[in-house]
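Each remark here refers to the structure printed beneath this line.
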Amino acid sequence: MTQADLKATLKKHEAFWAREPGTGPLLNMASLEGRSLYAPLQGVSIPLADGTILSTQGEAITPDMINPRLILDAEEFPAREKSNGADGPLTVDDLLVTRAPFGKIPWVEAILGCPVVPRLDTGSIYSAPFLGGPELHDTIQSPDQSPWLDLLKEYTRALVEDSGGSYQVGQCLQRGPTDLTSAVLGHTKMCLALYDSPNELKALAERCTETFITVAKAQQSQVPELEGGFSNPFGVWSPGSVVRTQCDVASSISAAQYEEFFFLYDTEICKNFDYSVVHLHSGYLHHMDVFLKERYPTAVQVSLDTGSTPYTVHDLIPVFARVLESKPLFVQGDMKREELDELLSELPSSGLYVSPRQMFDD
Amino acid sequence: MDLDALSQMVVAGDHIGAEQWTVDALAESVEPRAIIDGALIPGMDEVGRRFKGGVYHLPEVLIAARAMKSSLKLVRPLLAEADGPRIGRVVIGTVQGDLHDIGKNLVSMMLEGAGFEVLDLGVDVSPEAFVEAAENEETRLVCLSTLLTTTMPKIAETVAALDAAELRSGLKVMVGGAPVDQAFTDQISADGYATDAPAAVELAKTLLGVGGEQGAA
Ligand code: B1M
């Protein structure tokens with residue numbers, strides 16, 4: 001891509017964040033063709049540092065077992081063949097091809113001290129709860145003491161080297177304070193703590209938040225800036241630092257509980273970066289208003305849930321329109337062709353990003 | 001003693017009050033069956049209604065269930081003596097490979113609230129572990145939950161393992177979780193499928209032939 005093309009693309013992205021009238025939408029049709037911008041390792045063959053393939057089931061793995069280079073090489077990442085960077089950053093549609101550290105590892109949970117347990121039958125690696133109660137928040141290790149953080153930095157550097165300036169390197173999948181407190185305590189204990197030990201729970205959420213921020217900054221410090229900014233896992237560049245947080249577990253608590261216990265910590269994360277995105281699920285948007293009240297997060301992302309949600313894209317249009325009155329909106333997920341058309345025709349285009357993962361015709 | 005007071009304690013999630021109320025009530029010879037049918041089950045029914053109506057979320061259901069259990073643990077041993085044979089227990093778990101437990105916990109608590117004896121095997125439960133729990137002759141219902149499309153085959157495998165162990169004639173299998181639907185239920189020959197926790201309680205009662213008004217304990 002020429003320098004002029006790059007400038008034009010980055011200008012579109014800047015306009016997206018500013019919801020500049022007459023611009024947008026940003027469309028990502030790449031995942032439809034299997035060219036995911038953010039391709040995780042498909043399948044379950046995870047090469048280990050000692051040359052073997054991960055084959056233990058249910059037993060915790062440790063950071064010394066992982067060699068980022070080996071996983072990078074095994075990962076299906078179509079853009080890699082072109083990765084000498086000579087032609088400048090790679091783009092697909094309106095977006096920058098962006099790759100993040102191995103998405104299957106629950107990085108922040110591991111850094112907080114959760115055992116990291118592979119499940120080969122389903123191809124996932126999960127974190128197990130380890131903290132006896134929220135009052136033990138002080139016993140959580142500082143992130144700088146965790147070898148998982150060293151590995152994450154090494155992984156990020158390996159990506160930057162592999163890219164050679166072609167694809168962008170983005171933040172790994174980081175779950176926010178709600179999910180992290182649930183991860184370290186277990187979900188039931190977290191819910192009971194809302195009533196039994198609210199102050200300790202808040203202290204624990206604060207601890208998780210500090211770790212989250214340290215981890216996000218540690219990654220960003222390894223990544224060279226692109227024209228004074230960075231790309232996020234959605235392939236959108238921002239003229240400054242950027243972060244993505246999430247609160248999936250807020251699906252099971254009330255909006256008031258989320259606001260009282262966790263929102264200030266998600267906000268704290270967002271305040272530490274110039275641009276911020278909160279990830280939400282379409283089945284659980286009962287706390288959406290909380291995100292629209294204040295400046296942070298600076299953008300909202302909604303994943304469309306299929307099967308589990310009573311809401312169709314059509315039902316969600318008024319909610320999406322409300323978001324777009326104050327913030328940029330990313331919509332991602334499976335949708336019918338007419339639903340894509342409806343999103344594009346019914347919503348303002350400025351500040352809108354749409355990424356259909358699979359598209360159905362009926 | 002006022003059974004309604006205990007019911008309110010359950011709804012409010014006051015486990016300390018519920019335990020004390022039960023100690024006092026038993027000392028005054030209140031019938032164990034009356035405590036369950038007149039206070040605990042109606043209390044949890046109300047919790048279920050509030051959950052369905054979006055007034056309660058999971059934490060409120062959890063503290064209500066804890067209050068209910070703090071009373072039930074004192075009442076249940078006496079019930080076994082007084083009431084003759086129990087209707088048997090329910091085994092529940094999230095299938096192997098899946099760690100989502102929020103919905104499963106809710107179903108488990110609501111079943112307990114409706115008076116069923118529940119053995120919760122947790123998450124990531126192998127077909128073998130379900131079979132082992134089902135081999136206990138008191139088990140009448142096995143409940144399989146999953147939220148991941150990738151672990152739906154584990155539901156089918158677990159049902160097949162229960163078949164292979166020749167346990168199906170003595171027990172029923174209920175399935176549920178976001179990706180599960182009636183077509184899948186029919187395909188794997190499970191006995192029933194429920195969309196949410198209150199529906200799961202109704203289905204469990206139907207499958208086990210337990211009367212609607214009287215609880216299952
Ligand atoms: C036996 O009879 C019955 C009868 C009824 C039964 C029943 C059994 N079981 C449930 N029911 C029913 O009654 C319940 C209450 O009335 C209902 O239960 P539900 O569980 O549906 O409802 C709960 C009360 C509230 N709902 C929930 O708790 C689920 C909410 C969503 C947002 C969700 C959450 C919270 C989480 N997640 Co996950 N998560 C999603 C969910 C999105 C969604 N829309 O469902 C879903 C399920 N997750 C998904 C994924 C992919 C994943 N998650 C993962 C992790 C997590 C968190 C840890 C962050 C957290 C779980 C915390 C926990 N302790 O459970 C990972 C899974 C790891 C693993 N191996 O399990 C991971 C793989 C993500 C990753 N890359 O790591 C998706 C599954 C896609 C699919 N169809 O396969 C998903 C739909 C989100 C999405 N669109 O991407 C009914 O389904």
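Going by the structure tokens order, chains are called A, B, ..., each with residues numbered from 1, while ligands are numbered from 1 in the order shown.
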>> I need the residues of stretch 71-170 of chain B that end up classed as alpha helix (DSSP H) by DSSP on the backbone, written out as a PyMOL selection string.
In response: chain B and resi 71-83+102-113+127-135+152-164
> So which residues are near ligand 1, meaning at most 7 Å away with only C-alpha atoms and all ligand atoms counted, given back as a PyMOL selection string?
Replying inline: (chain A and resi 103-104+122+124-126+179+182-183+186-187+248-249+251-252+281-284+303-306+308-309) or (chain B and resi 92+97-104+106-107+143-150+174-179+193-198+200)
Stretch 78-197 of chain B: which residues are strand (DSSP E) by DSSP, as an mmCIF file with N, CA, C and O atoms, in the first residue's frame?
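result_21.cif written:
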data_model
loop_
_atom_site.group_PDB
_atom_site.id
_atom_site.type_symbol
_atom_site.label_atom_id
_atom_site.label_comp_id
_atom_site.auth_asym_id
_atom_site.auth_seq_id
_atom_site.Cartn_x
_atom_site.Cartn_y
_atom_site.Cartn_z
ATOM 1 N N ARG B 89 -33.025 -38.561 44.033
ATOM 2 C CA ARG B 89 -32.250 -37.344 43.862
ATOM 3 C C ARG B 89 -31.952 -37.014 42.396
ATOM 4 O O ARG B 89 -32.083 -37.863 41.519
ATOM 5 N N VAL B 90 -31.529 -35.779 42.238
ATOM 6 C CA VAL B 90 -31.212 -35.268 40.914
ATOM 7 C C VAL B 90 -29.697 -35.053 40.843
ATOM 8 O O VAL B 90 -29.112 -34.487 41.760
ATOM 9 N N VAL B 91 -29.090 -35.500 39.751
ATOM 10 C CA VAL B 91 -27.660 -35.269 39.543
ATOM 11 C C VAL B 91 -27.538 -34.224 38.435
ATOM 12 O O VAL B 91 -28.180 -34.353 37.389
ATOM 13 N N ILE B 92 -26.747 -33.196 38.667
ATOM 14 C CA ILE B 92 -26.614 -32.139 37.646
ATOM 15 C C ILE B 92 -25.148 -31.787 37.437
ATOM 16 O O ILE B 92 -24.332 -31.905 38.361
ATOM 17 N N GLY B 93 -24.819 -31.358 36.224
ATOM 18 C CA GLY B 93 -23.455 -30.896 35.963
ATOM 19 C C GLY B 93 -23.352 -30.265 34.593
ATOM 20 O O GLY B 93 -24.237 -30.419 33.740
ATOM 21 N N THR B 94 -22.286 -29.504 34.393
ATOM 22 C CA THR B 94 -21.959 -28.984 33.060
ATOM 23 C C THR B 94 -21.042 -30.012 32.409
ATOM 24 O O THR B 94 -20.096 -30.484 33.048
ATOM 25 N N GLU B 117 -33.649 -33.217 46.032
ATOM 26 C CA GLU B 117 -32.313 -33.393 46.597
ATOM 27 C C GLU B 117 -31.351 -33.372 45.414
ATOM 28 O O GLU B 117 -31.490 -34.161 44.475
ATOM 29 N N VAL B 118 -30.410 -32.438 45.424
ATOM 30 C CA VAL B 118 -29.571 -32.247 44.231
ATOM 31 C C VAL B 118 -28.114 -32.568 44.530
ATOM 32 O O VAL B 118 -27.553 -32.103 45.517
ATOM 33 N N LEU B 119 -27.517 -33.363 43.644
ATOM 34 C CA LEU B 119 -26.073 -33.585 43.722
ATOM 35 C C LEU B 119 -25.464 -32.842 42.540
ATOM 36 O O LEU B 119 -25.666 -33.224 41.382
ATOM 37 N N ASP B 120 -24.754 -31.771 42.845
ATOM 38 C CA ASP B 120 -24.165 -30.945 41.783
ATOM 39 C C ASP B 120 -22.723 -31.384 41.557
ATOM 40 O O ASP B 120 -21.868 -31.231 42.429
ATOM 41 N N THR B 139 -30.732 -42.049 42.452
ATOM 42 C CA THR B 139 -30.753 -41.049 41.379
ATOM 43 C C THR B 139 -31.921 -41.313 40.430
ATOM 44 O O THR B 139 -32.057 -42.403 39.885
ATOM 45 N N ARG B 140 -32.746 -40.309 40.257
ATOM 46 C CA ARG B 140 -33.904 -40.462 39.364
ATOM 47 C C ARG B 140 -33.816 -39.575 38.138
ATOM 48 O O ARG B 140 -34.505 -39.790 37.148
ATOM 49 N N LEU B 141 -33.002 -38.512 38.232
ATOM 50 C CA LEU B 141 -32.939 -37.571 37.106
ATOM 51 C C LEU B 141 -31.499 -37.100 36.928
ATOM 52 O O LEU B 141 -30.836 -36.749 37.904
ATOM 53 N N VAL B 142 -31.020 -37.121 35.670
ATOM 54 C CA VAL B 142 -29.680 -36.589 35.381
ATOM 55 C C VAL B 142 -29.869 -35.347 34.511
ATOM 56 O O VAL B 142 -30.561 -35.383 33.493
ATOM 57 N N CYS B 143 -29.273 -34.238 34.946
ATOM 58 C CA CYS B 143 -29.425 -32.961 34.234
ATOM 59 C C CYS B 143 -28.094 -32.546 33.617
ATOM 60 O O CYS B 143 -27.104 -32.382 34.340
ATOM 61 N N LEU B 144 -28.095 -32.377 32.296
ATOM 62 C CA LEU B 144 -26.856 -32.058 31.584
ATOM 63 C C LEU B 144 -26.949 -30.656 30.996
ATOM 64 O O LEU B 144 -27.863 -30.353 30.226
ATOM 65 N N SER B 145 -25.977 -29.811 31.353
ATOM 66 C CA SER B 145 -26.005 -28.434 30.865
ATOM 67 C C SER B 145 -24.778 -28.154 30.008
ATOM 68 O O SER B 145 -23.686 -28.656 30.290
ATOM 69 N N LYS B 172 -34.469 -40.503 34.333
ATOM 70 C CA LYS B 172 -34.744 -39.601 33.216
ATOM 71 C C LYS B 172 -33.543 -38.690 32.988
ATOM 72 O O LYS B 172 -32.773 -38.430 33.915
ATOM 73 N N VAL B 173 -33.446 -38.195 31.755
ATOM 74 C CA VAL B 173 -32.351 -37.275 31.436
ATOM 75 C C VAL B 173 -32.936 -35.968 30.908
ATOM 76 O O VAL B 173 -33.711 -35.963 29.946
ATOM 77 N N MET B 174 -32.561 -34.878 31.569
ATOM 78 C CA MET B 174 -32.993 -33.542 31.109
ATOM 79 C C MET B 174 -31.764 -32.791 30.607
ATOM 80 O O MET B 174 -30.692 -32.873 31.214
ATOM 81 N N VAL B 175 -31.913 -32.078 29.498
ATOM 82 C CA VAL B 175 -30.786 -31.313 28.952
ATOM 83 C C VAL B 175 -31.171 -29.837 28.837
ATOM 84 O O VAL B 175 -32.345 -29.493 28.795
ATOM 85 N N GLY B 176 -30.147 -28.986 28.804
ATOM 86 C CA GLY B 176 -30.433 -27.560 28.673
ATOM 87 C C GLY B 176 -29.166 -26.746 28.505
ATOM 88 O O GLY B 176 -28.047 -27.274 28.546
ATOM 89 N N GLY B 192 -36.095 -34.796 28.030
ATOM 90 C CA GLY B 192 -36.710 -33.477 27.984
ATOM 91 C C GLY B 192 -35.679 -32.367 27.970
ATOM 92 O O GLY B 192 -34.501 -32.576 28.270
ATOM 93 N N TYR B 193 -36.169 -31.192 27.591
ATOM 94 C CA TYR B 193 -35.298 -30.029 27.478
ATOM 95 C C TYR B 193 -36.023 -28.823 28.061
ATOM 96 O O TYR B 193 -37.229 -28.671 27.887
ATOM 97 N N ALA B 194 -35.284 -27.997 28.790
ATOM 98 C CA ALA B 194 -35.918 -26.801 29.368
ATOM 99 C C ALA B 194 -35.103 -25.569 28.988
ATOM 100 O O ALA B 194 -33.874 -25.615 28.938
#
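Minimum atom-to-atom distances from B:Met109, B:Ala65, B:Ala129, B:Met152 to B:His15 were compared using only C-alpha atoms, and the lowest value belongs to B:Ala65.
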